[in-house]
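Undergrad: I'd like to ask some things about the structure below.
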Amino acid sequence: MKLRILGCSGGIGANLRTTAMLLDDDVLIDAGTGVGELTLDEMVGIDHVFVTHSHLDHICSIPFLVDTVGYLRSTPLTVYATRETANALRTHVFNDYIWPDFTRLPRPEAPYLQFREIGRDQTVTLAGRRITVLPADHLVPAVGYWLDSGAASLVFSGDTGPNDALWEIVNNIGNLRYLIIETAFCNRDYAIAICSRHLCPSLLAAEIGKLRLPAEIFITHLKPGDRMLTMSEVVAALPAYQPKMLEHGQVFEF
Ligand SMILES: [Zn+2]
Ligand SMILES: [Zn+2]
């Protein structure tokens with residue numbers, strides 16, 4: 001498996017894109033503004049999008065993606081999401097007001113977009129690649145994903161606050177190699193992190209305290225204006241792990 005980071009910021013700006021990751025050539029994990037990094041040919045090649053939750057920074061490129069490549073493809077783009085997230089996208093995005101309902105267009109029998117509902121702990125296997133739904137605890141129903149190539153695993157927390165259920169699963173991943181986990185806020189914004197169900201460095205340190213396996217840790221979803229401060233607090237809070245900032249353009253092979 002090859003995972004290319006297209007976007008990993010908590011905001012936008014020059015060289016900053018919101019969450020999107022390309023798995024091999026055909027799968028997106030979230031579809032934030034990072035999808036704008038892809039060429040037309042690369043976008044045409046995407047068959048599957050796994051969405052963590054309905055917040056705009058993770059889904060905003062799905063409407064543009066289907067509109068851009070739909071007529072160039074012979075099969076619908078499949079969006080995997082929980083029932084709650086799929087319903088939110090149907091009701092609030094693909095509702096013919098914000099964007100056309102491409103689950104019925106251009107023709108109901110041959111749409112550009114289809115949803116596949118997935119549930120917690122479910123594994124979708126695509127050409128031997130195992131993608132498993134992980135629990136998350138966020139303001140809206142949310143999940144993370146566990147990507148297992150067979151040789152090694154990468155865990156992506158999605159947007160989440162403190163999340164005991166995640167570690168119960170992660171601590172049983174024998175081939176765990178990489179952990180990508182959010183830290184949206186710096187410690188100054190602890191109260192905001194709590195009420196928005198995100199992490200700050202002190203909350204992250206408590207979460208990593210529940211991890212019983214070695215892993216390389218990468219931090220995502222940093223707020224642009226506080227990212228250096230937040231990363232310095234993360235590094236100070238977790239000296240044993242030497243966590244790194246997830247970088248736009250970074251590639252994981254596992
Ligand atoms: Zn969110
Ligand atoms: Zn987010």
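Residue names in the structure tokens use chain letters A, B, ... in the order shown, residue numbers from 1 in each chain, and ligand numbers from 1 in the order shown.
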Hey, which residues come within 8 Å of ligand 2 if we count only C-alpha atoms and all ligand atoms? Could you give them as a CSV table (one decimal) with all heavy atoms, in the first residue's frame?

TA:
chain,number,residue,atom,x,y,z
A,10,GLY,N,-5.4,21.9,9.4
A,10,GLY,CA,-6.6,22.3,10.0
A,10,GLY,C,-7.2,23.6,9.4
A,10,GLY,O,-8.2,24.1,9.9
A,18,THR,N,-6.8,21.0,3.3
A,18,THR,CA,-7.4,20.2,4.4
A,18,THR,C,-7.4,18.7,4.0
A,18,THR,O,-7.1,18.3,2.9
A,18,THR,CB,-8.8,20.7,4.7
A,18,THR,OG1,-9.7,20.4,3.6
A,18,THR,CG2,-8.8,22.2,4.9
A,19,THR,N,-7.8,17.9,5.0
A,19,THR,CA,-7.6,16.4,5.0
A,19,THR,C,-8.0,15.7,3.7
A,19,THR,O,-9.2,15.7,3.4
A,19,THR,CB,-8.3,15.8,6.2
A,19,THR,OG1,-7.9,16.5,7.4
A,19,THR,CG2,-7.9,14.3,6.3
A,55,HIS,N,-18.0,16.8,8.3
A,55,HIS,CA,-17.5,18.2,8.3
A,55,HIS,C,-16.9,18.6,7.0
A,55,HIS,O,-16.2,17.8,6.3
A,55,HIS,CB,-16.6,18.4,9.5
A,55,HIS,CG,-17.3,18.6,10.8
A,55,HIS,ND1,-16.7,18.4,12.0
A,55,HIS,CD2,-18.6,19.0,11.1
A,55,HIS,CE1,-17.5,18.7,13.0
A,55,HIS,NE2,-18.7,19.0,12.4
A,56,LEU,N,-17.1,19.9,6.6
A,56,LEU,CA,-16.7,20.4,5.3
A,56,LEU,C,-15.2,20.2,5.0
A,56,LEU,O,-14.9,19.9,3.8
A,56,LEU,CB,-17.0,21.9,5.3
A,56,LEU,CG,-17.4,22.5,3.9
A,56,LEU,CD1,-18.5,21.8,3.2
A,56,LEU,CD2,-17.8,24.0,4.1
A,57,ASP,N,-14.3,20.3,6.0
A,57,ASP,CA,-12.9,20.2,5.7
A,57,ASP,C,-12.5,18.8,5.2
A,57,ASP,O,-11.4,18.6,4.8
A,57,ASP,CB,-12.1,20.7,6.9
A,57,ASP,CG,-12.4,20.0,8.2
A,57,ASP,OD1,-13.6,19.7,8.4
A,57,ASP,OD2,-11.5,19.8,9.0
A,58,HIS,N,-13.4,17.8,5.4
A,58,HIS,CA,-13.1,16.4,5.0
A,58,HIS,C,-13.9,16.0,3.8
A,58,HIS,O,-13.7,14.9,3.2
A,58,HIS,CB,-13.4,15.5,6.2
A,58,HIS,CG,-12.6,15.8,7.4
A,58,HIS,ND1,-11.5,15.1,7.8
A,58,HIS,CD2,-12.7,16.9,8.2
A,58,HIS,CE1,-11.0,15.6,8.9
A,58,HIS,NE2,-11.7,16.7,9.1
A,158,GLY,N,-8.8,10.1,12.3
A,158,GLY,CA,-9.9,11.0,12.0
A,158,GLY,C,-9.9,12.1,13.0
A,158,GLY,O,-9.0,12.3,13.8
A,159,ASP,N,-11.0,12.9,13.0
A,159,ASP,CA,-11.2,14.0,14.0
A,159,ASP,C,-11.8,13.3,15.2
A,159,ASP,O,-12.8,12.7,15.1
A,159,ASP,CB,-12.2,15.1,13.5
A,159,ASP,CG,-11.6,16.0,12.4
A,159,ASP,OD1,-10.5,15.7,12.0
A,159,ASP,OD2,-12.2,17.0,12.1
A,221,HIS,N,-4.0,17.9,11.3
A,221,HIS,CA,-5.1,18.8,11.5
A,221,HIS,C,-4.7,20.0,12.4
A,221,HIS,O,-5.5,20.5,13.2
A,221,HIS,CB,-6.2,18.0,12.2
A,221,HIS,CG,-7.6,18.5,11.9
A,221,HIS,ND1,-8.0,19.7,12.2
A,221,HIS,CD2,-8.6,17.9,11.2
A,221,HIS,CE1,-9.3,19.9,11.7
A,221,HIS,NE2,-9.7,18.8,11.1

Undergrad: Can I get the residues of chain A within 12 Å of ligand 1, each with the closest pair of atoms and their distance in Å to one decimal, using only C-alpha atoms and all ligand atoms, sorted chain first then ascending number, as a Markdown table?

TA:
| residue | atom | partner | partner_atom_place_in_ligand_line | distance |
| --- | --- | --- | --- | --- |
| A:Gly10 | CA | ligand 1 | 1 (Zn) | 9.5 |
| A:Gly11 | CA | ligand 1 | 1 (Zn) | 11.6 |
| A:Thr18 | CA | ligand 1 | 1 (Zn) | 10.9 |
| A:Thr19 | CA | ligand 1 | 1 (Zn) | 10.1 |
| A:Asp30 | CA | ligand 1 | 1 (Zn) | 11.2 |
| A:Gly32 | CA | ligand 1 | 1 (Zn) | 11.1 |
| A:Val51 | CA | ligand 1 | 1 (Zn) | 11.1 |
| A:Thr52 | CA | ligand 1 | 1 (Zn) | 8.6 |
| A:His53 | CA | ligand 1 | 1 (Zn) | 6.7 |
| A:Ser54 | CA | ligand 1 | 1 (Zn) | 7.3 |
| A:His55 | CA | ligand 1 | 1 (Zn) | 5.0 |
| A:Leu56 | CA | ligand 1 | 1 (Zn) | 7.7 |
| A:Asp57 | CA | ligand 1 | 1 (Zn) | 7.2 |
| A:His58 | CA | ligand 1 | 1 (Zn) | 7.4 |
| A:Ile59 | CA | ligand 1 | 1 (Zn) | 10.1 |
| A:Thr85 | CA | ligand 1 | 1 (Zn) | 11.6 |
| A:Ala136 | CA | ligand 1 | 1 (Zn) | 10.4 |
| A:Asp137 | CA | ligand 1 | 1 (Zn) | 9.9 |
| A:His138 | CA | ligand 1 | 1 (Zn) | 6.7 |
| A:Leu139 | CA | ligand 1 | 1 (Zn) | 7.0 |
| A:Val140 | CA | ligand 1 | 1 (Zn) | 7.4 |
| A:Pro141 | CA | ligand 1 | 1 (Zn) | 9.4 |
| A:Ala142 | CA | ligand 1 | 1 (Zn) | 7.9 |
| A:Val143 | CA | ligand 1 | 1 (Zn) | 10.3 |
| A:Gly144 | CA | ligand 1 | 1 (Zn) | 11.4 |
| A:Ser157 | CA | ligand 1 | 1 (Zn) | 11.4 |
| A:Gly158 | CA | ligand 1 | 1 (Zn) | 8.0 |
| A:Asp159 | CA | ligand 1 | 1 (Zn) | 5.2 |
| A:Thr160 | CA | ligand 1 | 1 (Zn) | 7.7 |
| A:Gly161 | CA | ligand 1 | 1 (Zn) | 10.2 |
| A:Glu182 | CA | ligand 1 | 1 (Zn) | 10.3 |
| A:Thr183 | CA | ligand 1 | 1 (Zn) | 11.7 |
| A:Ala184 | CA | ligand 1 | 1 (Zn) | 9.7 |
| A:Ala193 | CA | ligand 1 | 1 (Zn) | 11.3 |
| A:Ser196 | CA | ligand 1 | 1 (Zn) | 8.3 |
| A:Arg197 | CA | ligand 1 | 1 (Zn) | 8.3 |
| A:His198 | CA | ligand 1 | 1 (Zn) | 8.0 |
| A:Leu199 | CA | ligand 1 | 1 (Zn) | 11.3 |
| A:His221 | CA | ligand 1 | 1 (Zn) | 9.6 |

Undergrad: Pick the closest to A:Thr230 from A:Cys186, A:Leu3, A:Cys8, A:Cys200: which is it, counting only C-alpha atoms?

TA: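 Counting only C-alpha atoms, the residue closest to A:Thr230 is A:Cys186.
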
Undergrad: In stretch 105-215 of chain A, what's alpha helix (DSSP H) per DSSP? Answer as a PyMOL selection string?

TA: chain A and resi 164-170+190-196+201-208

Undergrad: May I have the residues within 9 Å of stretch 215-219 of chain A as a PDB file with all heavy atoms, in the first residue's frame, using only C-alpha atoms and disregarding those fewer than 2 positions away in the same chain?

TA:
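Writing done, so here's out-v1.pdb:
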ATOM      1  N   CYS A   8      -3.392  17.927   4.986  1.00  0.00           N
ATOM      2  CA  CYS A   8      -3.369  17.487   6.391  1.00  0.00           C
ATOM      3  C   CYS A   8      -3.437  18.675   7.338  1.00  0.00           C
ATOM      4  O   CYS A   8      -3.059  18.573   8.496  1.00  0.00           O
ATOM      5  CB  CYS A   8      -2.122  16.662   6.674  1.00  0.00           C
ATOM      6  SG  CYS A   8      -0.577  17.483   6.252  1.00  0.00           S
ATOM      7  N   LEU A 176       1.136  -3.039  13.591  1.00  0.00           N
ATOM      8  CA  LEU A 176       1.037  -1.574  13.582  1.00  0.00           C
ATOM      9  C   LEU A 176       2.400  -0.930  13.302  1.00  0.00           C
ATOM     10  O   LEU A 176       3.400  -1.279  13.928  1.00  0.00           O
ATOM     11  CB  LEU A 176       0.515  -1.082  14.936  1.00  0.00           C
ATOM     12  CG  LEU A 176       0.359   0.435  15.082  1.00  0.00           C
ATOM     13  CD1 LEU A 176      -0.744   0.953  14.169  1.00  0.00           C
ATOM     14  CD2 LEU A 176       0.055   0.805  16.541  1.00  0.00           C
ATOM     15  N   ARG A 177       2.427  -0.016  12.345  1.00  0.00           N
ATOM     16  CA  ARG A 177       3.680   0.713  12.073  1.00  0.00           C
ATOM     17  C   ARG A 177       3.484   2.214  12.226  1.00  0.00           C
ATOM     18  O   ARG A 177       4.306   2.884  12.835  1.00  0.00           O
ATOM     19  CB  ARG A 177       4.182   0.395  10.657  1.00  0.00           C
ATOM     20  CG  ARG A 177       5.548   1.026  10.390  1.00  0.00           C
ATOM     21  CD  ARG A 177       6.097   0.670   9.003  1.00  0.00           C
ATOM     22  NE  ARG A 177       6.246  -0.755   8.818  1.00  0.00           N
ATOM     23  CZ  ARG A 177       6.514  -1.327   7.638  1.00  0.00           C
ATOM     24  NH1 ARG A 177       6.661  -0.578   6.559  1.00  0.00           N
ATOM     25  NH2 ARG A 177       6.640  -2.635   7.535  1.00  0.00           N
ATOM     26  N   TYR A 178       2.396   2.768  11.678  1.00  0.00           N
ATOM     27  CA  TYR A 178       2.203   4.214  11.660  1.00  0.00           C
ATOM     28  C   TYR A 178       0.886   4.594  12.337  1.00  0.00           C
ATOM     29  O   TYR A 178      -0.140   3.937  12.137  1.00  0.00           O
ATOM     30  CB  TYR A 178       2.146   4.734  10.223  1.00  0.00           C
ATOM     31  CG  TYR A 178       3.374   4.455   9.409  1.00  0.00           C
ATOM     32  CD1 TYR A 178       3.304   3.642   8.277  1.00  0.00           C
ATOM     33  CD2 TYR A 178       4.601   5.011   9.753  1.00  0.00           C
ATOM     34  CE1 TYR A 178       4.433   3.389   7.507  1.00  0.00           C
ATOM     35  CE2 TYR A 178       5.728   4.762   8.992  1.00  0.00           C
ATOM     36  CZ  TYR A 178       5.643   3.953   7.871  1.00  0.00           C
ATOM     37  OH  TYR A 178       6.752   3.707   7.108  1.00  0.00           O
ATOM     38  N   LEU A 179       0.932   5.677  13.088  1.00  0.00           N
ATOM     39  CA  LEU A 179      -0.275   6.256  13.676  1.00  0.00           C
ATOM     40  C   LEU A 179      -0.346   7.722  13.267  1.00  0.00           C
ATOM     41  O   LEU A 179       0.546   8.507  13.604  1.00  0.00           O
ATOM     42  CB  LEU A 179      -0.217   6.130  15.207  1.00  0.00           C
ATOM     43  CG  LEU A 179      -1.315   6.854  15.984  1.00  0.00           C
ATOM     44  CD1 LEU A 179      -2.699   6.285  15.662  1.00  0.00           C
ATOM     45  CD2 LEU A 179      -1.049   6.758  17.494  1.00  0.00           C
ATOM     46  N   ILE A 180      -1.382   8.061  12.524  1.00  0.00           N
ATOM     47  CA  ILE A 180      -1.647   9.464  12.182  1.00  0.00           C
ATOM     48  C   ILE A 180      -2.794   9.913  13.075  1.00  0.00           C
ATOM     49  O   ILE A 180      -3.903   9.368  13.000  1.00  0.00           O
ATOM     50  CB  ILE A 180      -2.022   9.617  10.695  1.00  0.00           C
ATOM     51  CG1 ILE A 180      -0.858   9.196   9.800  1.00  0.00           C
ATOM     52  CG2 ILE A 180      -2.432  11.064  10.391  1.00  0.00           C
ATOM     53  CD1 ILE A 180      -1.173   9.223   8.303  1.00  0.00           C
ATOM     54  N   ILE A 181      -2.518  10.881  13.935  1.00  0.00           N
ATOM     55  CA  ILE A 181      -3.528  11.297  14.915  1.00  0.00           C
ATOM     56  C   ILE A 181      -3.630  12.808  14.933  1.00  0.00           C
ATOM     57  O   ILE A 181      -2.638  13.516  14.772  1.00  0.00           O
ATOM     58  CB  ILE A 181      -3.214  10.699  16.309  1.00  0.00           C
ATOM     59  CG1 ILE A 181      -4.338  10.998  17.311  1.00  0.00           C
ATOM     60  CG2 ILE A 181      -1.856  11.145  16.837  1.00  0.00           C
ATOM     61  CD1 ILE A 181      -4.284  10.140  18.571  1.00  0.00           C
ATOM     62  N   GLU A 182      -4.836  13.273  15.111  1.00  0.00           N
ATOM     63  CA  GLU A 182      -5.064  14.711  15.090  1.00  0.00           C
ATOM     64  C   GLU A 182      -4.633  15.391  16.383  1.00  0.00           C
ATOM     65  O   GLU A 182      -4.679  14.794  17.455  1.00  0.00           O
ATOM     66  CB  GLU A 182      -6.552  14.985  14.857  1.00  0.00           C
ATOM     67  CG  GLU A 182      -7.429  14.701  16.072  1.00  0.00           C
ATOM     68  CD  GLU A 182      -8.276  15.902  16.445  1.00  0.00           C
ATOM     69  OE1 GLU A 182      -7.704  16.860  17.025  1.00  0.00           O
ATOM     70  OE2 GLU A 182      -9.476  15.894  16.169  1.00  0.00           O
ATOM     71  N   THR A 183      -4.201  16.618  16.258  1.00  0.00           N
ATOM     72  CA  THR A 183      -4.064  17.517  17.413  1.00  0.00           C
ATOM     73  C   THR A 183      -4.428  18.896  16.884  1.00  0.00           C
ATOM     74  O   THR A 183      -3.581  19.671  16.450  1.00  0.00           O
ATOM     75  CB  THR A 183      -2.633  17.491  17.994  1.00  0.00           C
ATOM     76  OG1 THR A 183      -2.272  16.124  18.275  1.00  0.00           O
ATOM     77  CG2 THR A 183      -2.564  18.285  19.303  1.00  0.00           C
ATOM     78  N   ALA A 184      -5.707  19.198  16.916  1.00  0.00           N
ATOM     79  CA  ALA A 184      -6.213  20.383  16.219  1.00  0.00           C
ATOM     80  C   ALA A 184      -5.832  21.672  16.926  1.00  0.00           C
ATOM     81  O   ALA A 184      -5.700  22.714  16.282  1.00  0.00           O
ATOM     82  CB  ALA A 184      -7.736  20.287  16.071  1.00  0.00           C
ATOM     83  N   LEU A 211      -1.662   3.779  24.544  1.00  0.00           N
ATOM     84  CA  LEU A 211      -1.102   2.948  23.462  1.00  0.00           C
ATOM     85  C   LEU A 211      -0.068   1.993  24.044  1.00  0.00           C
ATOM     86  O   LEU A 211       0.868   2.423  24.716  1.00  0.00           O
ATOM     87  CB  LEU A 211      -0.475   3.871  22.400  1.00  0.00           C
ATOM     88  CG  LEU A 211       0.272   3.206  21.236  1.00  0.00           C
ATOM     89  CD1 LEU A 211      -0.659   2.331  20.403  1.00  0.00           C
ATOM     90  CD2 LEU A 211       0.928   4.274  20.356  1.00  0.00           C
ATOM     91  N   LEU A 213       1.634  -0.367  22.099  1.00  0.00           N
ATOM     92  CA  LEU A 213       2.490  -0.892  21.035  1.00  0.00           C
ATOM     93  C   LEU A 213       3.401   0.213  20.515  1.00  0.00           C
ATOM     94  O   LEU A 213       3.038   1.389  20.561  1.00  0.00           O
ATOM     95  CB  LEU A 213       1.632  -1.400  19.862  1.00  0.00           C
ATOM     96  CG  LEU A 213       0.686  -2.563  20.151  1.00  0.00           C
ATOM     97  CD1 LEU A 213      -0.220  -2.821  18.951  1.00  0.00           C
ATOM     98  CD2 LEU A 213       1.473  -3.815  20.489  1.00  0.00           C
ATOM     99  N   HIS A 221      -3.962  17.868  11.252  1.00  0.00           N
ATOM    100  CA  HIS A 221      -5.079  18.777  11.543  1.00  0.00           C
ATOM    101  C   HIS A 221      -4.665  19.958  12.428  1.00  0.00           C
ATOM    102  O   HIS A 221      -5.472  20.528  13.165  1.00  0.00           O
ATOM    103  CB  HIS A 221      -6.226  17.989  12.210  1.00  0.00           C
ATOM    104  CG  HIS A 221      -7.603  18.479  11.852  1.00  0.00           C
ATOM    105  ND1 HIS A 221      -8.044  19.731  12.166  1.00  0.00           N
ATOM    106  CD2 HIS A 221      -8.636  17.881  11.209  1.00  0.00           C
ATOM    107  CE1 HIS A 221      -9.305  19.865  11.741  1.00  0.00           C
ATOM    108  NE2 HIS A 221      -9.676  18.762  11.148  1.00  0.00           N
ATOM    109  N   LEU A 222      -3.390  20.370  12.333  1.00  0.00           N
ATOM    110  CA  LEU A 222      -2.920  21.519  13.117  1.00  0.00           C
ATOM    111  C   LEU A 222      -3.520  22.811  12.559  1.00  0.00           C
ATOM    112  O   LEU A 222      -3.558  23.017  11.345  1.00  0.00           O
ATOM    113  CB  LEU A 222      -1.393  21.590  13.036  1.00  0.00           C
ATOM    114  CG  LEU A 222      -0.642  20.398  13.646  1.00  0.00           C
ATOM    115  CD1 LEU A 222       0.752  20.291  13.048  1.00  0.00           C
ATOM    116  CD2 LEU A 222      -0.565  20.527  15.149  1.00  0.00           C
ATOM    117  N   MET A 231       3.058  21.906  17.723  1.00  0.00           N
ATOM    118  CA  MET A 231       4.036  20.824  17.551  1.00  0.00           C
ATOM    119  C   MET A 231       5.094  20.851  18.655  1.00  0.00           C
ATOM    120  O   MET A 231       5.520  19.801  19.132  1.00  0.00           O
ATOM    121  CB  MET A 231       4.713  20.906  16.180  1.00  0.00           C
ATOM    122  CG  MET A 231       4.031  20.124  15.080  1.00  0.00           C
ATOM    123  SD  MET A 231       3.481  18.436  15.477  1.00  0.00           S
ATOM    124  CE  MET A 231       5.023  17.578  15.807  1.00  0.00           C
ATOM    125  N   VAL A 234       3.507  19.252  21.538  1.00  0.00           N
ATOM    126  CA  VAL A 234       3.375  17.799  21.315  1.00  0.00           C
ATOM    127  C   VAL A 234       4.706  17.100  21.590  1.00  0.00           C
ATOM    128  O   VAL A 234       4.767  16.077  22.282  1.00  0.00           O
ATOM    129  CB  VAL A 234       2.897  17.509  19.870  1.00  0.00           C
ATOM    130  CG1 VAL A 234       3.099  16.040  19.510  1.00  0.00           C
ATOM    131  CG2 VAL A 234       1.433  17.894  19.695  1.00  0.00           C
ATOM    132  N   TYR A 241       8.364   9.255  22.071  1.00  0.00           N
ATOM    133  CA  TYR A 241       7.863   8.854  20.746  1.00  0.00           C
ATOM    134  C   TYR A 241       8.452   9.660  19.591  1.00  0.00           C
ATOM    135  O   TYR A 241       8.321   9.271  18.442  1.00  0.00           O
ATOM    136  CB  TYR A 241       6.340   8.976  20.703  1.00  0.00           C
ATOM    137  CG  TYR A 241       5.635   7.839  21.396  1.00  0.00           C
ATOM    138  CD1 TYR A 241       5.233   7.941  22.725  1.00  0.00           C
ATOM    139  CD2 TYR A 241       5.379   6.646  20.720  1.00  0.00           C
ATOM    140  CE1 TYR A 241       4.587   6.895  23.359  1.00  0.00           C
ATOM    141  CE2 TYR A 241       4.736   5.595  21.342  1.00  0.00           C
ATOM    142  CZ  TYR A 241       4.336   5.730  22.662  1.00  0.00           C
ATOM    143  OH  TYR A 241       3.703   4.701  23.279  1.00  0.00           O
ATOM    144  N   GLN A 242       9.033  10.815  19.874  1.00  0.00           N
ATOM    145  CA  GLN A 242       9.521  11.698  18.815  1.00  0.00           C
ATOM    146  C   GLN A 242       8.477  11.890  17.704  1.00  0.00           C
ATOM    147  O   GLN A 242       8.735  11.605  16.535  1.00  0.00           O
ATOM    148  CB  GLN A 242      10.821  11.154  18.232  1.00  0.00           C
ATOM    149  CG  GLN A 242      11.924  11.044  19.282  1.00  0.00           C
ATOM    150  CD  GLN A 242      13.236  10.605  18.689  1.00  0.00           C
ATOM    151  OE1 GLN A 242      13.335   9.557  18.047  1.00  0.00           O
ATOM    152  NE2 GLN A 242      14.259  11.410  18.887  1.00  0.00           N
ATOM    153  N   PRO A 243       7.287  12.348  18.080  1.00  0.00           N
ATOM    154  CA  PRO A 243       6.234  12.539  17.066  1.00  0.00           C
ATOM    155  C   PRO A 243       6.630  13.605  16.055  1.00  0.00           C
ATOM    156  O   PRO A 243       7.346  14.549  16.375  1.00  0.00           O
ATOM    157  CB  PRO A 243       5.024  12.989  17.890  1.00  0.00           C
ATOM    158  CG  PRO A 243       5.595  13.524  19.157  1.00  0.00           C
ATOM    159  CD  PRO A 243       6.856  12.775  19.416  1.00  0.00           C
ATOM    160  N   LYS A 244       6.180  13.411  14.815  1.00  0.00           N
ATOM    161  CA  LYS A 244       6.494  14.351  13.735  1.00  0.00           C
ATOM    162  C   LYS A 244       5.211  14.961  13.184  1.00  0.00           C
ATOM    163  O   LYS A 244       4.138  14.363  13.278  1.00  0.00           O
ATOM    164  CB  LYS A 244       7.233  13.620  12.610  1.00  0.00           C
ATOM    165  CG  LYS A 244       8.564  13.032  13.035  1.00  0.00           C
ATOM    166  CD  LYS A 244       9.246  12.324  11.880  1.00  0.00           C
ATOM    167  CE  LYS A 244      10.528  11.644  12.345  1.00  0.00           C
ATOM    168  NZ  LYS A 244      10.269  10.514  13.257  1.00  0.00           N
ATOM    169  N   MET A 245       5.370  16.141  12.610  1.00  0.00           N
ATOM    170  CA  MET A 245       4.240  16.775  11.935  1.00  0.00           C
ATOM    171  C   MET A 245       3.978  16.046  10.620  1.00  0.00           C
ATOM    172  O   MET A 245       4.914  15.786   9.866  1.00  0.00           O
ATOM    173  CB  MET A 245       4.573  18.251  11.652  1.00  0.00           C
ATOM    174  CG  MET A 245       3.395  19.053  11.157  1.00  0.00           C
ATOM    175  SD  MET A 245       3.861  20.720  10.562  1.00  0.00           S
ATOM    176  CE  MET A 245       4.758  21.372  11.950  1.00  0.00           C
ATOM    177  N   LEU A 246       2.744  15.685  10.363  1.00  0.00           N
ATOM    178  CA  LEU A 246       2.413  15.109   9.063  1.00  0.00           C
ATOM    179  C   LEU A 246       2.613  16.187   8.000  1.00  0.00           C
ATOM    180  O   LEU A 246       2.195  17.332   8.181  1.00  0.00           O
ATOM    181  CB  LEU A 246       0.959  14.620   9.064  1.00  0.00           C
ATOM    182  CG  LEU A 246       0.535  13.792   7.856  1.00  0.00           C
ATOM    183  CD1 LEU A 246       1.278  12.465   7.789  1.00  0.00           C
ATOM    184  CD2 LEU A 246      -0.977  13.546   7.879  1.00  0.00           C
ATOM    185  N   GLU A 247       3.257  15.814   6.912  1.00  0.00           N
ATOM    186  CA  GLU A 247       3.602  16.805   5.888  1.00  0.00           C
ATOM    187  C   GLU A 247       2.804  16.555   4.616  1.00  0.00           C
ATOM    188  O   GLU A 247       2.676  15.420   4.157  1.00  0.00           O
ATOM    189  CB  GLU A 247       5.096  16.723   5.533  1.00  0.00           C
ATOM    190  CG  GLU A 247       6.037  16.927   6.711  1.00  0.00           C
ATOM    191  CD  GLU A 247       6.296  18.381   7.032  1.00  0.00           C
ATOM    192  OE1 GLU A 247       5.749  19.258   6.318  1.00  0.00           O
ATOM    193  OE2 GLU A 247       7.045  18.642   7.986  1.00  0.00           O
TER     194      GLU A 247
END

Undergrad: Need to verify the contact set: A:Gly36, 10 Å, only C-alpha atoms, exclusion of same-chain residues closer than 4 positions in sequence. Can you return it as a PyMOL selection string?

TA: chain A and resi 6-7+17-18+20+31-32+40+43+61+64-65

Undergrad: Let's see if you can do this: from backbone DSSP, list all strand (DSSP E or B) residues in stretch 9-246 of chain A, as an MDAnalysis selection string.

TA: chainID A and resid 9 13 16 18 20:23 27:31 48:50 77:81 106:107 110:111 113:117 123:126 129:135 143:148 153:156 176:182 216:220 222 244:245

Undergrad: Looking at A:His248, A:Arg227, A:Arg120, A:Arg104, which one is nearest to A:Arg83, with distances taken over only C-alpha atoms?

TA: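 Closest candidate: A:Arg120.
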
Undergrad: Out of A:Asp67, A:Glu168, A:Asp189, A:Asp121, which residue has the shortest atom-to-atom distance to A:Leu105 when counting only C-alpha atoms?

TA: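 Of A:Asp67, A:Glu168, A:Asp189, A:Asp121, the one nearest A:Leu105, counting only C-alpha atoms, is A:Asp67.
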
Undergrad: Could you work out how far atom CA of A:Tyr145 lies from atom CA of A:Ile194, giving the answer in Å with one decimal?

TA: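 We find that atom CA of A:Ile194 and atom CA of A:Tyr145 lie 22.1 Å from each other.
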
Undergrad: Give me, please, the distance in Å between atom CA of A:Ile98 and atom CA of A:Ala110, quoted to one decimal.

TA: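 Calculated distance between atom CA of A:Ile98 and atom CA of A:Ala110 is 21.3 Å.
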
Undergrad: Tell me which of A:Phe252, A:Trp167, A:Trp146, A:Tyr112 sits closest to A:Arg73, counting only C-alpha atoms.

TA: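 Checking each of A:Phe252, A:Trp167, A:Trp146, A:Tyr112 against A:Arg73, counting only C-alpha atoms, the winner is A:Tyr112.
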
Undergrad: Tell me which of A:Lys223, A:Gly209, A:Gln250, A:Ser74 sits closest to A:Ala237, counting only C-alpha atoms.

TA: A:Gly209

Undergrad: Of the residues A:Glu109, A:Thr39, A:Leu154, A:Asp26, which is the one nearest to A:Leu77, using only C-alpha atoms?

TA: A:Asp26
